[in-house]
$ cat start_28.tsv   # TSV, C-alpha atoms
chain	number	residue	atom	x	y	z
L	1	MET	CA	30.83	-4.34	1.88
L	2	SER	CA	27.52	-5.27	0.24
L	3	MET	CA	26.80	-8.60	-1.40
L	4	ALA	CA	26.44	-6.70	-4.67
L	5	GLY	CA	30.04	-5.59	-4.14
L	6	ASN	CA	31.07	-9.21	-3.68
L	7	LEU	CA	29.35	-10.14	-6.94
L	8	ARG	CA	31.04	-7.20	-8.60
L	9	LYS	CA	34.38	-8.67	-7.65
L	10	VAL	CA	33.28	-12.06	-8.89
L	11	GLY	CA	32.92	-10.45	-12.33
L	12	GLY	CA	36.68	-10.05	-12.48
L	13	LEU	CA	37.40	-13.76	-12.51
L	14	ARG	CA	40.95	-13.19	-13.65
L	15	LYS	CA	41.85	-11.68	-10.30
L	16	VAL	CA	42.34	-14.85	-8.26
L	17	GLY	CA	43.74	-12.92	-5.30
L	18	GLY	CA	40.62	-10.77	-5.24
L	19	LEU	CA	38.44	-13.90	-5.21
L	20	ARG	CA	40.30	-15.26	-2.21
L	21	LYS	CA	39.83	-11.98	-0.39
L	22	VAL	CA	36.08	-12.01	-1.12
L	23	ALA	CA	35.87	-15.60	0.11
L	24	ARG	CA	37.59	-14.66	3.36
L	25	LEU	CA	35.23	-11.73	3.87
L	26	ALA	CA	32.20	-13.98	3.23
L	27	ARG	CA	33.44	-16.50	5.82
L	28	ARG	CA	34.03	-13.76	8.39
L	29	ARG	CA	30.59	-12.17	7.93
L	30	PRO	CA	27.92	-13.38	10.38
L	31	ARG	CA	25.16	-15.45	8.81
L	32	VAL	CA	21.93	-13.53	8.24
L	33	ASP	CA	18.53	-14.39	6.86
L	34	LEU	CA	18.53	-12.94	3.35
L	35	SER	CA	15.15	-14.45	2.46
L	36	HIS	CA	13.26	-11.98	4.66
L	37	PRO	CA	10.63	-10.09	2.63
L	38	ALA	CA	11.84	-6.73	3.94
L	39	ARG	CA	15.07	-5.01	2.99
L	40	SER	CA	18.31	-6.86	3.60
L	41	PRO	CA	19.80	-6.68	7.10
L	42	LEU	CA	23.07	-5.88	5.37
L	43	GLY	CA	21.76	-2.35	4.87
L	44	THR	CA	21.38	-2.61	1.09
L	45	ALA	CA	18.56	-3.44	-1.29
L	46	VAL	CA	19.78	-7.05	-1.64
L	47	VAL	CA	17.21	-9.45	-0.20
L	48	ASN	CA	18.77	-12.71	-1.36
L	49	CYS	CA	21.54	-13.97	-3.61
L	50	VAL	CA	21.79	-17.69	-4.27
L	51	THR	CA	23.42	-19.86	-6.89
L	52	TYR	CA	21.86	-23.05	-8.26
L	53	ARG	CA	23.51	-25.91	-10.07
L	54	GLU	CA	21.43	-28.75	-11.52
L	55	GLY	CA	18.43	-27.45	-9.60
L	56	VAL	CA	20.17	-27.64	-6.23
L	57	ARG	CA	21.01	-24.68	-4.06
L	58	GLU	CA	24.73	-24.23	-3.53
L	59	PRO	CA	25.92	-23.77	0.07
L	60	GLU	CA	26.73	-20.18	0.92
L	61	ARG	CA	30.35	-20.96	1.72
L	62	ASP	CA	30.87	-22.07	-1.92
L	63	LEU	CA	29.19	-19.01	-3.43
L	64	VAL	CA	32.30	-17.56	-5.07
L	65	ASP	CA	33.40	-20.92	-6.47
L	66	ALA	CA	29.88	-21.59	-7.76
L	67	VAL	CA	29.70	-18.27	-9.59
L	68	ARG	CA	33.13	-18.83	-11.09
L	69	ARG	CA	32.00	-22.26	-12.26
L	70	ILE	CA	28.89	-20.73	-13.80
L	71	ARG	CA	30.93	-18.14	-15.67
L	72	LYS	CA	33.50	-20.65	-16.91
L	73	SER	CA	31.59	-23.89	-17.42
L	74	ASP	CA	28.12	-22.52	-18.27
L	75	ASP	CA	26.57	-24.65	-15.53
L	76	GLY	CA	23.87	-23.28	-13.21
L	77	PHE	CA	22.68	-19.74	-12.60
L	78	VAL	CA	22.50	-16.96	-10.02
L	79	TRP	CA	19.23	-15.67	-8.55
L	80	LEU	CA	19.63	-12.18	-7.13
L	81	GLY	CA	16.66	-10.62	-5.32
L	82	LEU	CA	16.36	-6.87	-4.71
L	83	HIS	CA	13.77	-4.70	-2.98
L	84	GLU	CA	13.34	-1.11	-4.17
L	85	PRO	CA	17.01	-0.49	-5.04
L	86	SER	CA	18.36	2.99	-5.67
L	87	GLU	CA	20.24	3.91	-8.84
L	88	LEU	CA	23.53	3.77	-6.95
L	89	GLU	CA	22.78	0.35	-5.47
L	90	PHE	CA	21.78	-1.03	-8.88
L	91	ALA	CA	24.61	0.48	-10.91
L	92	ASP	CA	27.25	-2.18	-10.18
L	93	ILE	CA	24.75	-4.99	-10.66
L	94	ALA	CA	23.65	-3.57	-14.02
L	95	GLU	CA	27.27	-3.35	-15.15
L	96	LEU	CA	28.09	-6.85	-13.92
L	97	PHE	CA	25.22	-8.50	-15.80
L	98	ASP	CA	25.29	-6.08	-18.78
L	99	LEU	CA	21.71	-4.89	-18.35
L	100	HIS	CA	20.22	-2.39	-20.78
L	101	PRO	CA	20.00	1.19	-19.40
L	102	LEU	CA	16.32	1.55	-20.33
L	103	ALA	CA	15.41	-1.64	-18.49
L	104	VAL	CA	17.49	-0.54	-15.51
L	105	GLU	CA	15.66	2.79	-15.42
L	106	ASP	CA	12.30	1.02	-15.45
L	107	ALA	CA	13.38	-1.34	-12.69
L	108	VAL	CA	14.60	1.45	-10.41
L	109	HIS	CA	11.76	3.94	-10.86
L	110	ALA	CA	8.90	1.41	-11.19
L	111	HIS	CA	5.31	2.48	-12.02
L	112	GLN	CA	5.50	0.63	-15.32
L	113	ARG	CA	2.84	-1.04	-17.40
L	114	PRO	CA	2.96	-4.87	-17.38
L	115	LYS	CA	5.14	-5.88	-20.30
L	116	ILE	CA	7.87	-8.22	-21.52
L	117	GLU	CA	10.76	-6.83	-23.57
L	118	ARG	CA	13.87	-8.37	-25.08
L	119	TYR	CA	17.25	-6.64	-24.88
L	120	GLY	CA	19.74	-8.77	-26.77
L	121	GLN	CA	20.03	-12.08	-24.91
L	122	THR	CA	18.26	-10.70	-21.81
L	123	LEU	CA	14.53	-10.81	-21.20
L	124	PHE	CA	12.96	-8.05	-19.09
L	125	ALA	CA	9.49	-8.65	-17.60
L	126	VAL	CA	7.31	-6.27	-15.59
L	127	LEU	CA	4.55	-7.87	-13.50
L	128	LYS	CA	1.99	-6.06	-11.37
L	129	THR	CA	1.41	-7.67	-7.99
L	130	VAL	CA	-1.91	-7.29	-6.18
L	131	CYS	CA	-2.99	-7.82	-2.60
L	132	TYR	CA	-6.46	-7.78	-1.04
L	133	VAL	CA	-6.73	-5.27	1.81
L	134	GLU	CA	-8.80	-6.62	4.66
L	135	HIS	CA	-11.48	-4.26	6.02
L	136	ALA	CA	-14.10	-4.63	8.73
L	137	GLU	CA	-16.75	-2.78	6.71
L	138	LEU	CA	-16.91	-1.71	3.10
L	139	THR	CA	-17.28	2.07	2.84
L	140	ALA	CA	-17.04	4.65	0.08
L	141	THR	CA	-13.36	5.19	0.95
L	142	SER	CA	-12.24	1.62	1.71
L	143	GLU	CA	-8.99	0.49	0.10
L	144	ILE	CA	-9.67	-2.94	-1.36
L	145	VAL	CA	-6.77	-3.68	-3.71
L	146	ASP	CA	-3.14	-2.73	-3.12
L	147	THR	CA	-0.72	-3.03	-6.03
L	148	GLY	CA	3.04	-3.40	-6.38
L	149	GLU	CA	5.51	-4.44	-9.05
L	150	ILE	CA	8.03	-7.16	-9.74
L	151	MET	CA	10.65	-6.66	-12.46
L	152	VAL	CA	12.48	-9.76	-13.65
L	153	PHE	CA	15.73	-9.82	-15.66
L	154	VAL	CA	16.32	-13.24	-17.20
L	155	GLY	CA	19.62	-14.15	-18.81
L	156	HIS	CA	21.39	-17.32	-19.74
L	157	ASP	CA	22.97	-17.72	-16.31
L	158	PHE	CA	21.15	-15.28	-14.03
L	159	VAL	CA	17.77	-14.13	-12.76
L	160	ILE	CA	17.43	-10.71	-11.12
L	161	THR	CA	14.16	-9.85	-9.42
L	162	VAL	CA	13.39	-6.29	-8.35
L	163	ARG	CA	10.37	-5.91	-6.10
L	164	HIS	CA	8.48	-2.68	-5.37
L	165	GLY	CA	5.71	-2.45	-2.80
L	166	ARG	CA	4.85	-3.83	0.63
L	167	HIS	CA	3.76	-7.26	-0.58
L	168	GLY	CA	4.60	-9.85	-3.22
L	169	SER	CA	7.46	-11.52	-1.37
L	170	LEU	CA	9.18	-14.15	-3.51
L	171	GLY	CA	10.30	-16.25	-0.54
L	172	PRO	CA	7.48	-18.81	-0.96
L	173	VAL	CA	8.21	-19.02	-4.70
L	174	ARG	CA	11.86	-19.76	-3.99
L	175	GLU	CA	10.94	-22.42	-1.42
L	176	ASN	CA	8.55	-24.14	-3.82
L	177	LEU	CA	11.15	-24.19	-6.57
L	178	GLU	CA	13.84	-25.54	-4.28
L	179	ALA	CA	11.43	-28.30	-3.28
L	180	ALA	CA	11.22	-29.28	-7.00
L	181	PRO	CA	14.86	-29.38	-8.18
L	182	GLU	CA	13.89	-31.06	-11.47
L	183	GLN	CA	11.93	-27.92	-12.36
L	184	LEU	CA	14.60	-25.55	-11.09
L	185	ALA	CA	17.19	-27.41	-13.16
L	186	LYS	CA	15.48	-26.12	-16.31
L	187	GLY	CA	17.17	-22.80	-15.76
L	188	PRO	CA	16.26	-19.14	-15.24
L	189	ALA	CA	13.13	-19.45	-17.42
L	190	ALA	CA	11.69	-21.82	-14.81
L	191	VAL	CA	12.09	-19.07	-12.21
L	192	LEU	CA	10.31	-16.58	-14.47
L	193	HIS	CA	7.45	-19.04	-14.93
L	194	ALA	CA	7.18	-19.66	-11.18
L	195	ILE	CA	7.04	-15.93	-10.47
L	196	ALA	CA	4.43	-15.30	-13.19
L	197	ASP	CA	2.37	-18.26	-11.99
L	198	SER	CA	2.47	-16.99	-8.39
L	199	VAL	CA	1.46	-13.46	-9.45
L	200	VAL	CA	-1.46	-14.74	-11.55
L	201	ASP	CA	-2.60	-17.02	-8.72
L	202	ASP	CA	-2.69	-13.94	-6.49
L	203	TYR	CA	-4.92	-12.30	-9.10
L	204	LEU	CA	-7.43	-15.13	-8.79
L	205	THR	CA	-7.27	-15.02	-4.98
L	206	VAL	CA	-7.93	-11.27	-4.91
L	207	ILE	CA	-10.76	-11.69	-7.43
L	208	ASP	CA	-12.44	-14.22	-5.13
L	209	GLU	CA	-12.17	-11.79	-2.22
L	210	VAL	CA	-13.54	-8.90	-4.28
L	211	GLN	CA	-16.47	-11.10	-5.28
L	212	GLY	CA	-17.42	-11.27	-1.60
L	213	ASP	CA	-17.57	-7.46	-1.45
L	214	ILE	CA	-19.65	-7.33	-4.62
L	215	ASP	CA	-22.07	-9.91	-3.21
L	216	GLU	CA	-22.41	-7.83	-0.04
L	217	VAL	CA	-23.21	-4.68	-2.01
L	218	GLU	CA	-25.64	-6.57	-4.22
L	219	THR	CA	-27.48	-7.93	-1.18
L	220	ASP	CA	-27.76	-4.46	0.35
L	221	VAL	CA	-29.01	-2.88	-2.86
L	222	PHE	CA	-31.78	-5.44	-3.39
L	223	ALA	CA	-32.88	-5.41	0.25
L	224	GLN	CA	-36.07	-3.59	1.31
L	225	THR	CA	-34.01	-0.55	2.26
L	226	GLY	CA	-31.91	-0.77	-0.90
L	227	ALA	CA	-32.85	2.74	-2.00
L	228	ARG	CA	-31.03	4.06	1.07
L	229	ALA	CA	-27.82	2.13	0.29
L	230	ASP	CA	-24.69	4.23	-0.20
L	231	PRO	CA	-23.87	4.39	-3.93
L	232	GLY	CA	-20.35	5.51	-3.03
L	233	ARG	CA	-19.49	1.91	-2.17
L	234	ILE	CA	-20.36	0.83	-5.69
L	235	TYR	CA	-18.17	3.53	-7.21
L	236	GLN	CA	-15.33	2.59	-4.84
L	237	LEU	CA	-15.59	-1.04	-5.94
L	238	LYS	CA	-15.43	0.04	-9.56
L	239	ARG	CA	-12.32	2.16	-8.89
L	240	GLU	CA	-10.57	-0.69	-7.08
L	241	LEU	CA	-11.61	-3.10	-9.81
L	242	LEU	CA	-10.03	-0.73	-12.33
L	243	GLN	CA	-6.67	-1.08	-10.53
L	244	LEU	CA	-7.01	-4.85	-10.75
L	245	LYS	CA	-7.88	-4.57	-14.44
L	246	ARG	CA	-4.78	-2.47	-15.12
L	247	ALA	CA	-2.66	-5.22	-13.59
L	248	VAL	CA	-4.28	-8.19	-15.33
L	249	VAL	CA	-5.38	-7.17	-18.82
L	250	PRO	CA	-2.09	-5.70	-20.18
L	251	LEU	CA	-0.23	-8.86	-19.10
L	252	SER	CA	-2.31	-11.19	-21.27
L	253	ARG	CA	-0.51	-10.52	-24.54
L	254	PRO	CA	3.09	-10.71	-23.17
L	255	VAL	CA	2.40	-14.03	-21.43
L	256	LEU	CA	0.81	-15.36	-24.61
L	257	GLU	CA	3.97	-14.38	-26.49
L	258	LEU	CA	6.09	-16.24	-23.96
L	259	ALA	CA	3.93	-19.30	-24.58
L	260	GLY	CA	4.21	-19.21	-28.37
L	261	ARG	CA	7.01	-16.91	-29.49
L	262	PRO	CA	10.59	-18.26	-29.38
L	263	PHE	CA	12.96	-16.55	-26.95
L	264	PRO	CA	16.65	-17.49	-26.53
L	265	VAL	CA	16.36	-17.76	-22.73
L	266	VAL	CA	12.97	-19.60	-22.71
L	267	PRO	CA	13.32	-23.24	-23.81
L	268	PRO	CA	10.34	-24.96	-25.48
L	269	GLU	CA	9.65	-27.18	-22.45
L	270	ILE	CA	9.02	-24.05	-20.34
L	271	GLN	CA	6.73	-22.47	-22.94
L	272	ALA	CA	4.13	-25.16	-22.24
L	273	TYR	CA	3.98	-23.96	-18.64
L	274	PHE	CA	3.40	-20.40	-19.79
L	275	ARG	CA	0.35	-21.58	-21.74
L	276	ASP	CA	-1.16	-22.69	-18.43
L	277	VAL	CA	-0.39	-19.27	-16.93
L	278	SER	CA	-2.00	-17.65	-19.96
L	279	ASP	CA	-5.18	-19.67	-19.41
L	280	HIS	CA	-5.39	-18.58	-15.77
L	281	LEU	CA	-4.75	-14.98	-16.79
L	282	LEU	CA	-7.56	-15.17	-19.36
L	283	ARG	CA	-9.88	-16.49	-16.67
L	284	ALA	CA	-8.94	-13.60	-14.38
L	285	ALA	CA	-9.54	-11.05	-17.14
L	286	GLU	CA	-12.94	-12.55	-17.93
L	287	GLN	CA	-13.98	-12.46	-14.28
L	288	ILE	CA	-12.93	-8.83	-13.96
L	289	ALA	CA	-14.97	-7.93	-17.05
L	290	ALA	CA	-17.96	-9.81	-15.63
L	291	PHE	CA	-17.60	-8.00	-12.29
L	292	ASP	CA	-17.50	-4.66	-14.06
L	293	GLU	CA	-20.70	-5.45	-15.92
L	294	LEU	CA	-22.32	-6.70	-12.71
L	295	LEU	CA	-21.40	-3.50	-10.86
L	296	ASN	CA	-22.89	-1.47	-13.72
L	297	SER	CA	-26.10	-3.47	-13.40
L	298	ILE	CA	-26.13	-3.05	-9.60
L	299	LEU	CA	-25.63	0.69	-9.98
L	300	GLN	CA	-28.44	0.94	-12.53
L	301	ALA	CA	-30.70	-1.13	-10.27
L	302	HIS	CA	-29.90	1.15	-7.34
L	303	LEU	CA	-30.70	4.26	-9.38
L	304	ALA	CA	-33.96	2.66	-10.48
L	305	GLN	CA	-34.82	1.87	-6.86
L	306	VAL	CA	-34.10	5.45	-5.86
L	307	THR	CA	-36.41	6.67	-8.65
L	308	VAL	CA	-39.17	4.28	-7.58
L	309	ALA	CA	-38.78	5.34	-3.94
L	310	GLN	CA	-39.00	8.99	-4.94
L	311	ASN	CA	-42.16	8.30	-6.96
L	312	GLU	CA	-43.70	6.51	-4.00
L	313	ASP	CA	-42.84	9.42	-1.73
L	314	MET	CA	-44.39	11.85	-4.19
L	315	ARG	CA	-47.58	9.78	-4.35
L	316	LYS	CA	-47.84	9.74	-0.58
L	317	ILE	CA	-47.27	13.47	-0.38
L	318	THR	CA	-49.88	14.04	-3.10
L	319	ALA	CA	-52.40	11.78	-1.32
L	320	TRP	CA	-51.99	13.53	2.02
L	321	ALA	CA	-52.20	16.91	0.29
L	322	ALA	CA	-55.53	15.85	-1.26
L	323	ILE	CA	-56.84	14.75	2.14
L	324	VAL	CA	-55.75	17.99	3.77
L	325	ALA	CA	-57.40	19.95	0.94
L	326	VAL	CA	-60.89	18.80	2.06
L	327	PRO	CA	-60.91	20.52	5.51
L	328	THR	CA	-58.97	23.43	4.04
L	329	MET	CA	-61.70	24.04	1.48
L	330	GLY	CA	-64.54	23.63	4.03
L	331	CYS	CA	-62.95	25.93	6.59
L	332	GLY	CA	-62.07	28.39	3.87
L	333	VAL	CA	-65.70	28.62	2.74
L	334	TYR	CA	-67.03	29.11	6.26
L	335	GLY	CA	-64.31	31.58	7.00
L	336	MET	CA	-65.83	34.10	4.60
L	337	ASN	CA	-68.01	36.80	6.19
L	338	PHE	CA	-71.35	36.34	4.43
L	339	ASP	CA	-74.75	36.64	6.11
L	340	HIS	CA	-76.40	33.88	4.15
L	341	MET	CA	-74.29	30.76	4.77
L	342	PRO	CA	-75.64	27.16	4.86
L	343	GLU	CA	-76.62	26.16	8.43
L	344	LEU	CA	-74.97	29.33	9.73
L	345	HIS	CA	-77.48	29.91	12.54
L	346	TRP	CA	-78.28	26.23	13.19
L	347	ARG	CA	-77.33	25.03	16.67
L	348	PHE	CA	-75.73	21.82	15.33
L	349	GLY	CA	-74.25	23.41	12.20
L	350	TYR	CA	-70.67	23.45	13.52
L	351	PRO	CA	-70.46	19.77	14.49
L	352	PHE	CA	-72.38	18.84	11.36
L	353	VAL	CA	-69.83	20.54	9.08
L	354	LEU	CA	-66.93	18.95	10.99
L	355	GLY	CA	-68.58	15.54	10.63
L	356	VAL	CA	-69.04	15.99	6.90
L	357	ILE	CA	-65.41	17.03	6.52
L	358	ALA	CA	-64.28	14.00	8.53
L	359	VAL	CA	-66.39	11.61	6.46
L	360	ILE	CA	-65.06	13.04	3.20
L	361	CYS	CA	-61.44	12.87	4.45
L	362	PHE	CA	-61.94	9.26	5.52
L	363	GLY	CA	-63.40	8.37	2.13
L	364	VAL	CA	-60.51	9.97	0.30
L	365	TYR	CA	-58.04	8.16	2.59
L	366	ARG	CA	-59.69	4.80	1.90
L	367	GLY	CA	-59.58	5.45	-1.81
L	368	PHE	CA	-55.83	6.23	-1.79
L	369	LYS	CA	-55.14	3.30	0.49
L	370	ARG	CA	-57.01	0.91	-1.80
L	371	ASN	CA	-55.02	2.13	-4.80
L	372	GLY	CA	-51.66	1.73	-3.03
L	373	TRP	CA	-50.87	5.41	-2.69
L	374	LEU	CA	-50.76	5.23	1.11

$ encode --input "start_28.tsv" --output "structure tokens"
Amino acid sequence: MSMAGNLRKVGGLRKVGGLRKVARLARRRPRVDLSHPARSPLGTAVVNCVTYREGVREPERDLVDAVRRIRKSDDGFVWLGLHEPSELEFADIAELFDLHPLAVEDAVHAHQRPKIERYGQTLFAVLKTVCYVEHAELTATSEIVDTGEIMVFVGHDFVITVRHGRHGSLGPVRENLEAAPEQLAKGPAAVLHAIADSVVDDYLTVIDEVQGDIDEVETDVFAQTGARADPGRIYQLKRELLQLKRAVVPLSRPVLELAGRPFPVVPPEIQAYFRDVSDHLLRAAEQIAAFDELLNSILQAHLAQVTVAQNEDMRKITAWAAIVAVPTMGCGVYGMNFDHMPELHWRFGYPFVLGVIAVICFGVYRGFKRNGWL
């Protein structure tokens, strides 16, 4: 029986016998680490399910009693973490917490635009997570930014997080919150803020890493062999930067609304924290815009260098063609079958003509060299 099934039974608080049965099953089940970032060892999408009262984590053996106390006395909340759940796995949870079908569909299928929506007394947030992909060498096909998603349902007495992707584990966020019970005691909105703050901090971390790649490309482009640099790396950086932009920019307005617009599940003391997140998000968006402009400038500089290099090559080719034209013209004249040619019957005529051609070629070479064509 999955933990979601246990929570489903908790929803029927009137069935005391059922609660006792669930409690016995929970005591008989071997203890497992539900905070692992991968899928639950229970074989379901549940990664973690914990109750908090006054900012303190309730022991697992009192889980059923804690949830019953939350439902009856309006004290504390449940934090349920899921990783890529299927529709079947999420159906009972959605019914238990009365989640809107549209929000449930978005949470299950993912690939949503960052947003924050309100469904009655429940707040639904979609956050794009990003991760920097380490690479030994930047190429035209290097993957630099990997993206995922975190969906957060926030109610009066629950927080449900649905994570999609290989990264963005919320284990560190949970540990930090549990280390600050006074913050966790502020309710589910504090969890939403902690998740948003962690996601935005990851944006800034990835931006710093991407800046290193941009600096590397910029150094290569403005080196002496910059004209031979691979422009595909610049385009790849712009494509990866576009993924980062799609994660950061659409989130600016929803976070700003959380900081200023009243929501039933977001108390005023938490809104001040969202203003700080909004400032960090604005900084990230500005840096991404600056990087995009810088990459455009680097690309234009590279194209200009290629044009200059081509002009220099053409000047060298033209100079050597002019030098080669001197012996070609001389030999062409003496190759004609005329009886009366200059110095035709002179014993030293042949070396004399070759000497004249050599002197002229040397003079032309010196002239081009002095003018920077060679």

$ atom_distance --input "start_28.tsv" --atom1 "CA of Asp230 in chain L" --atom2 "CA of His302 in chain L"
9.4 Å

$ atom_distance --input "start_28.tsv" --atom1 "CA of Arg57 in chain L" --atom2 "CA of Ala180 in chain L"
11.2 Å

$ closest_residue --input "start_28.tsv" --among "L:Pro59, L:Gly168, L:Pro327, L:Pro188" --to "Leu80 in chain L" --atoms "only C-alpha atoms"
L:Pro188

$ residues_around --input "start_28.tsv" --residues "Val199 in chain L" --least-positions-apart "2" --cutoff "8 Å" --atoms "all atoms listed in the file" --output "list in words"
Leu127, Lys128, Thr129, Val130, Gly168, Ile195, Ala196, Asp197, Asp201, Asp202 and Tyr203 of chain L

$ residues_near_point --input "start_28.tsv" --point "(19.3, -13.7, -2.3)" --cutoff "6 Å" --atoms "only C-alpha atoms" --output "list in words"
Leu34, Val47, Asn48, Cys49, Val50, Leu80 and Gly81 of chain L

$ atom_distance --input "start_28.tsv" --atom1 "CA of Leu242 in chain L" --atom2 "CA of Glu216 in chain L"
18.8 Å

$ closest_residue --input "start_28.tsv" --among "L:Val56, L:Thr225, L:Thr147, L:Thr139" --to "Leu177 in chain L" --atoms "all atoms listed in the file"
L:Val56

$ closest_residue --input "start_28.tsv" --among "L:Val108, L:Ala301, L:Val324, L:Val133" --to "Ala223 in chain L" --atoms "all atoms listed in the file"
L:Ala301

$ axis_aligned_box --input "start_28.tsv" --around "range 207-211 of chain L" --padding-each-side "8 Å" --output "lines of an AutoDock Vina configuration file"
center_x = -13.6
center_y = -11.6
center_z = -4.8
size_x = 21.7
size_y = 21.3
size_z = 21.2

$ closest_residue --input "start_28.tsv" --among "L:Val249, L:Ala179, L:Ala309, L:Ala45" --to "His164 in chain L" --atoms "only C-alpha atoms"
L:Ala45

$ residues_near_point --input "start_28.tsv" --point "(26.4, 2.0, -11.8)" --cutoff "12 Å" --atoms "all atoms listed in the file" --output "PyMOL selection string"
chain L and resi 4-5+8+85-101+104-105+108

$ write_last_selection --input "start_28.tsv" --atoms "C-alpha atoms" --output "compact mmCIF listing (two decimals), keeping the file's coordinate frame"
# COMPACT_ATOMS: atom_id res chain seq x y z
CA ALA L 4 26.44 -6.70 -4.67
CA GLY L 5 30.04 -5.59 -4.14
CA ARG L 8 31.04 -7.20 -8.60
CA PRO L 85 17.01 -0.49 -5.04
CA SER L 86 18.36 2.99 -5.67
CA GLU L 87 20.24 3.91 -8.84
CA LEU L 88 23.53 3.77 -6.95
CA GLU L 89 22.78 0.35 -5.47
CA PHE L 90 21.78 -1.03 -8.88
CA ALA L 91 24.61 0.48 -10.91
CA ASP L 92 27.25 -2.18 -10.18
CA ILE L 93 24.75 -4.99 -10.66
CA ALA L 94 23.65 -3.57 -14.02
CA GLU L 95 27.27 -3.35 -15.15
CA LEU L 96 28.09 -6.85 -13.92
CA PHE L 97 25.22 -8.50 -15.80
CA ASP L 98 25.29 -6.08 -18.78
CA LEU L 99 21.71 -4.89 -18.35
CA HIS L 100 20.22 -2.39 -20.78
CA PRO L 101 20.00 1.19 -19.40
CA VAL L 104 17.49 -0.54 -15.51
CA GLU L 105 15.66 2.79 -15.42
CA VAL L 108 14.60 1.45 -10.41

$ residues_around --input "start_28.tsv" --residues "Asp220 in chain L" --least-positions-apart "4" --cutoff "12 Å" --atoms "all atoms listed in the file" --output "PyMOL selection string"
chain L and resi 138+213-216+224-231+233-234+298-299+301-302+305

$ closest_residue --input "start_28.tsv" --among "L:Thr51, L:Met314, L:Tyr132, L:Val306" --to "Val221 in chain L" --atoms "only C-alpha atoms"
L:Val306

$ residues_around --input "start_28.tsv" --residues "Ile357 in chain L" --least-positions-apart "6" --cutoff "10 Å" --atoms "all atoms listed in the file" --output "CSV table (one decimal) with C-alpha atoms, in the coordinates of the input"
chain,number,residue,atom,x,y,z
L,323,ILE,CA,-56.8,14.8,2.1
L,326,VAL,CA,-60.9,18.8,2.1
L,327,PRO,CA,-60.9,20.5,5.5
L,328,THR,CA,-59.0,23.4,4.0
L,329,MET,CA,-61.7,24.0,1.5
L,330,GLY,CA,-64.5,23.6,4.0
L,331,CYS,CA,-63.0,25.9,6.6
L,351,PRO,CA,-70.5,19.8,14.5
L,363,GLY,CA,-63.4,8.4,2.1

$ closest_residue --input "start_28.tsv" --among "L:Arg174, L:Arg163, L:Arg239, L:Lys186" --to "Ser142 in chain L" --atoms "all atoms listed in the file"
L:Arg239

$ residues_around --input "start_28.tsv" --residues "Phe153 in chain L" --least-positions-apart "4" --cutoff "10 Å" --atoms "only C-alpha atoms" --output "VMD selection string"
chain L and resid 79 to 80 97 99 103 to 104 107 116 to 119 122 to 126 158 to 162 188 192

$ closest_atom_pairs --input "start_28.tsv" --of "range 218-256 of chain L" --to "range 266-274 of chain L" --cutoff "12 Å" --atoms "only C-alpha atoms" --output "tab-separated table"
residue	atom	partner	partner_atom	distance
L:Ser252	CA	L:Phe274	CA	10.9
L:Arg253	CA	L:Phe274	CA	11.6
L:Pro254	CA	L:Phe274	CA	10.3
L:Val255	CA	L:Phe274	CA	6.7
L:Leu256	CA	L:Phe274	CA	7.4
